[in-house]
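Enquirer: Below you will find the structure I want to go over with you.
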Amino acid sequence: MRTRNGILTGLLAGGMSLATAARADERLFTYTYEPETMPQGAFEFEQWVSSRVGRNKTVGQDDYYRLQFREEFEYGVTDNYTLALYANHDYEHFKDPGTGERASHYWWSGISLENKYMVVNPAEHWVGLTLYLEPTYNGDNAELEQKIILGQSYGDWKWALNLTHATEWEDQFRETDGEVEVSFGIARQLTTRWAIGLELRDHNELPEYEKWENTALYLGPVLSYKRDRWWGALTVMPQVYGANFDGNPDGLHHLELEGHERWNIRLIFGLNF
């Protein structure tokens, strides 16, 4: 009995130490948030580059790609509460298949204020729970995003699950659109520096909250690397299934290439201070 209790105590202590170590600022995923928050007083800068590539020429966007840039300044207000300020800007390019003309557009997407509050610490419980709220505003349009973030580490393995809802007010607040997303990531620490895993993302659009317009499911590998003061993570996800529930504007039955893309790619680089 003492031996068994000793083993259980050791496993629990080891699991908690691993979860505590995971409180460091590096991320194993790029589309899926992990429940850990930054330690009080810690500061980090992150550069995000997201690439959305490939829509359908049937909907007038051949050779499509969109680059989304985010500069994040993140601060640990308390051990349980992390606050971050984002600067967002986008670049979009596509060709009109009818005329052959190419259109390119760069725009300022606004400022976001990310709030993460860890309700249940994964270092002390079987599953971690964090609540997330992020308003965005650019002068004409706004967005409010909420997440429920779950996750835990087991030895060299870690998983995280996000349930996300967002409301967008566009066209100077004359249009209201909803988004629902589920994302999941699982990764294995290969060495003290390298980790590899998979991310899954299902994104859905609800224009004016009047109908469930579409869904797009992405699945692909994620690779992360960390040093003492910096880290990086890269996810490459092709769309593996998509559907339009309001007609079939892109002429496809297994992908959704009107409001979504064939590929979602994201690179995040973080620098700790």
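Residue numbers start at 1 in each chain; chains themselves are named A, B, ... in the order of the structure tokens; ligands are numbered from 1 in the order shown.
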At a cut-off of 8 Å, using only C-alpha atoms, what residues contact segment 203-220 of chain A? Leave out same-chain residues fewer than 2 positions from it and give the result as JSON, numbers by chain.
Expert: {"A": [175, 176, 177, 178, 179, 180, 181, 182, 198, 199, 200, 201, 222, 235, 236, 237, 238, 239, 240, 241, 242, 243, 244, 245, 246, 255, 256, 260, 264]}
Enquirer: Residues within 8 Å of Gly232 of chain A, please, as a CSV table (one decimal) with C-alpha atoms, in the first residue's frame. Count only C-alpha atoms; anything in the same chain fewer than 5 positions from it doesn't count.
Expert:
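What follows is the written file selection24.csv:
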```
chain,number,residue,atom,x,y,z
A,26,GLU,CA,6.0,29.2,-25.2
A,27,ARG,CA,3.0,27.8,-27.1
A,224,SER,CA,7.1,24.1,-32.1
A,225,TYR,CA,10.6,25.0,-30.9
A,226,LYS,CA,11.7,26.9,-27.8
A,267,LEU,CA,3.4,31.1,-37.7
A,268,ILE,CA,3.8,32.7,-34.2
A,269,PHE,CA,7.2,33.9,-32.9
A,270,GLY,CA,7.4,34.9,-29.2
```
Enquirer: Show me, as CSV, the residues of segment 64-88 of chain A having an atom within 9 Å of segment 118-140 of chain A, each with the closest atom pair and its distance in Å, using only C-alpha atoms.
Expert:
```
residue,atom,partner,partner_atom,distance
A:Asp79,CA,A:Met118,CA,8.5
A:Asn80,CA,A:Met118,CA,5.0
A:Tyr81,CA,A:Met118,CA,6.5
A:Thr82,CA,A:Met118,CA,8.7
A:Tyr86,CA,A:Thr136,CA,8.8
```
Enquirer: Could you take the residues named above and write them with N, CA and C atoms, as a CSV table (one decimal), in the first residue's frame?
Expert:
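Printed below is again_5.csv as written:
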```
chain,number,residue,atom,x,y,z
A,79,ASP,N,-1.0,35.8,-11.4
A,79,ASP,CA,-0.7,34.5,-11.9
A,79,ASP,C,-1.8,33.8,-12.6
A,80,ASN,N,-3.0,34.4,-12.4
A,80,ASN,CA,-4.2,33.8,-13.0
A,80,ASN,C,-4.8,34.7,-14.1
A,81,TYR,N,-4.3,35.9,-14.3
A,81,TYR,CA,-4.9,36.8,-15.2
A,81,TYR,C,-3.9,37.4,-16.1
A,82,THR,N,-4.1,37.2,-17.5
A,82,THR,CA,-3.1,37.7,-18.5
A,82,THR,C,-3.9,38.7,-19.4
A,86,TYR,N,-3.3,43.7,-28.9
A,86,TYR,CA,-2.9,43.3,-30.3
A,86,TYR,C,-3.1,44.5,-31.3
```
Enquirer: Sort by chain and increasing residue number a table of all residues of segment 62-116 of chain A within 12 Å of segment 143-149 of chain A, each with its closest pair of atoms and their distance in Å to one decimal, counting only C-alpha atoms, and write it as JSON lines.
Expert:
```
{"residue": "A:Ser109", "atom": "CA", "partner": "A:Glu143", "partner_atom": "CA", "distance": 10.6}
{"residue": "A:Gly110", "atom": "CA", "partner": "A:Glu143", "partner_atom": "CA", "distance": 9.9}
{"residue": "A:Ile111", "atom": "CA", "partner": "A:Glu143", "partner_atom": "CA", "distance": 10.3}
{"residue": "A:Ser112", "atom": "CA", "partner": "A:Glu143", "partner_atom": "CA", "distance": 8.9}
{"residue": "A:Leu113", "atom": "CA", "partner": "A:Leu144", "partner_atom": "CA", "distance": 9.9}
{"residue": "A:Glu114", "atom": "CA", "partner": "A:Glu145", "partner_atom": "CA", "distance": 9.2}
{"residue": "A:Asn115", "atom": "CA", "partner": "A:Gln146", "partner_atom": "CA", "distance": 9.6}
{"residue": "A:Lys116", "atom": "CA", "partner": "A:Lys147", "partner_atom": "CA", "distance": 9.2}
```
Enquirer: At a cut-off of 6 Å, using only C-alpha atoms, what residues contact segment 38-42 of chain A? Leave out same-chain residues fewer than 6 positions from it and give the result as a list in words.
Expert: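 Here the answer would be Tyr75, Gly76, Val77, Thr78 and Asp79 of chain A.
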Enquirer: Excluding Thr32 of chain A and any residue of its chain fewer than 3 positions from it, enumerate the residues within 7 Å of it, using only C-alpha atoms, and give them as JSON, numbers by chain.
Expert: {"A": [29, 160, 161, 162, 183, 184, 185]}
Enquirer: Suppose you want the space between atom CA of His253 of chain A and atom CA of Asp202 of chain A; what is it in Å?
Expert: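 Atom-to-atom, atom CA of His253 of chain A and atom CA of Asp202 of chain A are spaced 16.7 Å apart.
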Enquirer: Report the distance between atom CA of Ser51 of chain A and atom CA of Ser104 of chain A in Å, rounded to one decimal place.
Expert: 14.8 Å
Enquirer: Report, in Å to a single decimal, how far apart atom CA of Leu234 of chain A and atom CA of Leu271 of chain A are.
Expert: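 For atom CA of Leu271 of chain A relative to atom CA of Leu234 of chain A, the distance reads 15.3 Å.
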Enquirer: Have a look at A:Ala233, A:Leu163, A:Leu223, A:Leu28 and name the one nearest to Gln47 of chain A; count only C-alpha atoms.
Expert: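 Ranking A:Ala233, A:Leu163, A:Leu223, A:Leu28 by distance to Gln47 of chain A, first place goes to A:Ala233.
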Enquirer: Excluding same-chain residues fewer than 3 positions from Tyr91 of chain A, what lies within 8 Å of it counting only C-alpha atoms, as a VMD selection string?
Expert: chain A and resid 66 to 68 104 to 107
Enquirer: Print the selection's residues with N, CA and C atoms to a file, as a short mmCIF file (atom, residue, chain, number, x, y, z; two decimals), in the first residue's frame.
Expert:
```
data_model
loop_
_atom_site.label_atom_id
_atom_site.label_comp_id
_atom_site.auth_asym_id
_atom_site.auth_seq_id
_atom_site.Cartn_x
_atom_site.Cartn_y
_atom_site.Cartn_z
N ARG A 66 -4.71 35.63 -48.42
CA ARG A 66 -4.86 36.71 -47.45
C ARG A 66 -3.84 36.51 -46.35
N LEU A 67 -3.09 37.57 -46.05
CA LEU A 67 -2.11 37.55 -44.97
C LEU A 67 -2.64 38.40 -43.83
N GLN A 68 -2.65 37.83 -42.64
CA GLN A 68 -3.11 38.53 -41.46
C GLN A 68 -1.95 38.65 -40.47
N SER A 104 -5.48 43.88 -55.17
CA SER A 104 -4.71 43.77 -53.94
C SER A 104 -5.16 44.88 -52.99
N HIS A 105 -5.25 44.54 -51.73
CA HIS A 105 -5.77 45.50 -50.76
C HIS A 105 -5.11 45.27 -49.41
N TYR A 106 -4.60 46.34 -48.81
CA TYR A 106 -4.06 46.31 -47.45
C TYR A 106 -4.93 47.20 -46.58
N TRP A 107 -5.23 46.75 -45.36
CA TRP A 107 -6.03 47.59 -44.47
C TRP A 107 -5.68 47.35 -43.01
#
```
Enquirer: Hey, which bits of segment 61-167 of chain A sit within 7 Å of segment 54-57 of chain A, and for each residue what's the closest pair of atoms and how far apart in Å (one decimal), counting only C-alpha atoms, rows by chain and increasing number, as JSON lines?
Expert:
```
{"residue": "A:Gln61", "atom": "CA", "partner": "A:Lys57", "partner_atom": "CA", "distance": 4.9}
{"residue": "A:Asp62", "atom": "CA", "partner": "A:Lys57", "partner_atom": "CA", "distance": 4.2}
{"residue": "A:Asp63", "atom": "CA", "partner": "A:Gly54", "partner_atom": "CA", "distance": 6.3}
{"residue": "A:Tyr64", "atom": "CA", "partner": "A:Gly54", "partner_atom": "CA", "distance": 5.0}
{"residue": "A:Tyr65", "atom": "CA", "partner": "A:Gly54", "partner_atom": "CA", "distance": 6.1}
{"residue": "A:Pro97", "atom": "CA", "partner": "A:Lys57", "partner_atom": "CA", "distance": 6.1}
```
Enquirer: Write down as a PyMOL selection string the residues of segment 57-205 of chain A whose backbone DSSP state falls under strand (DSSP E).
Expert: chain A and resi 62-76+81-95+102-120+128-137+142-154+157-170+175-189+194-205
Enquirer: For Leu150 of chain A, which of A:Gly259, A:Phe94, A:Pro35, A:Asn272 is the closest residue, counting only C-alpha atoms?
Expert: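 Among A:Gly259, A:Phe94, A:Pro35, A:Asn272, it is A:Pro35 that comes nearest to Leu150 of chain A.
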Enquirer: With distances taken over only C-alpha atoms, which of A:Asp171, A:Glu92, A:Glu46, A:Glu258 is nearest to Glu71 of chain A?
Expert: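 Smallest separation from Glu71 of chain A among the options: A:Glu46.
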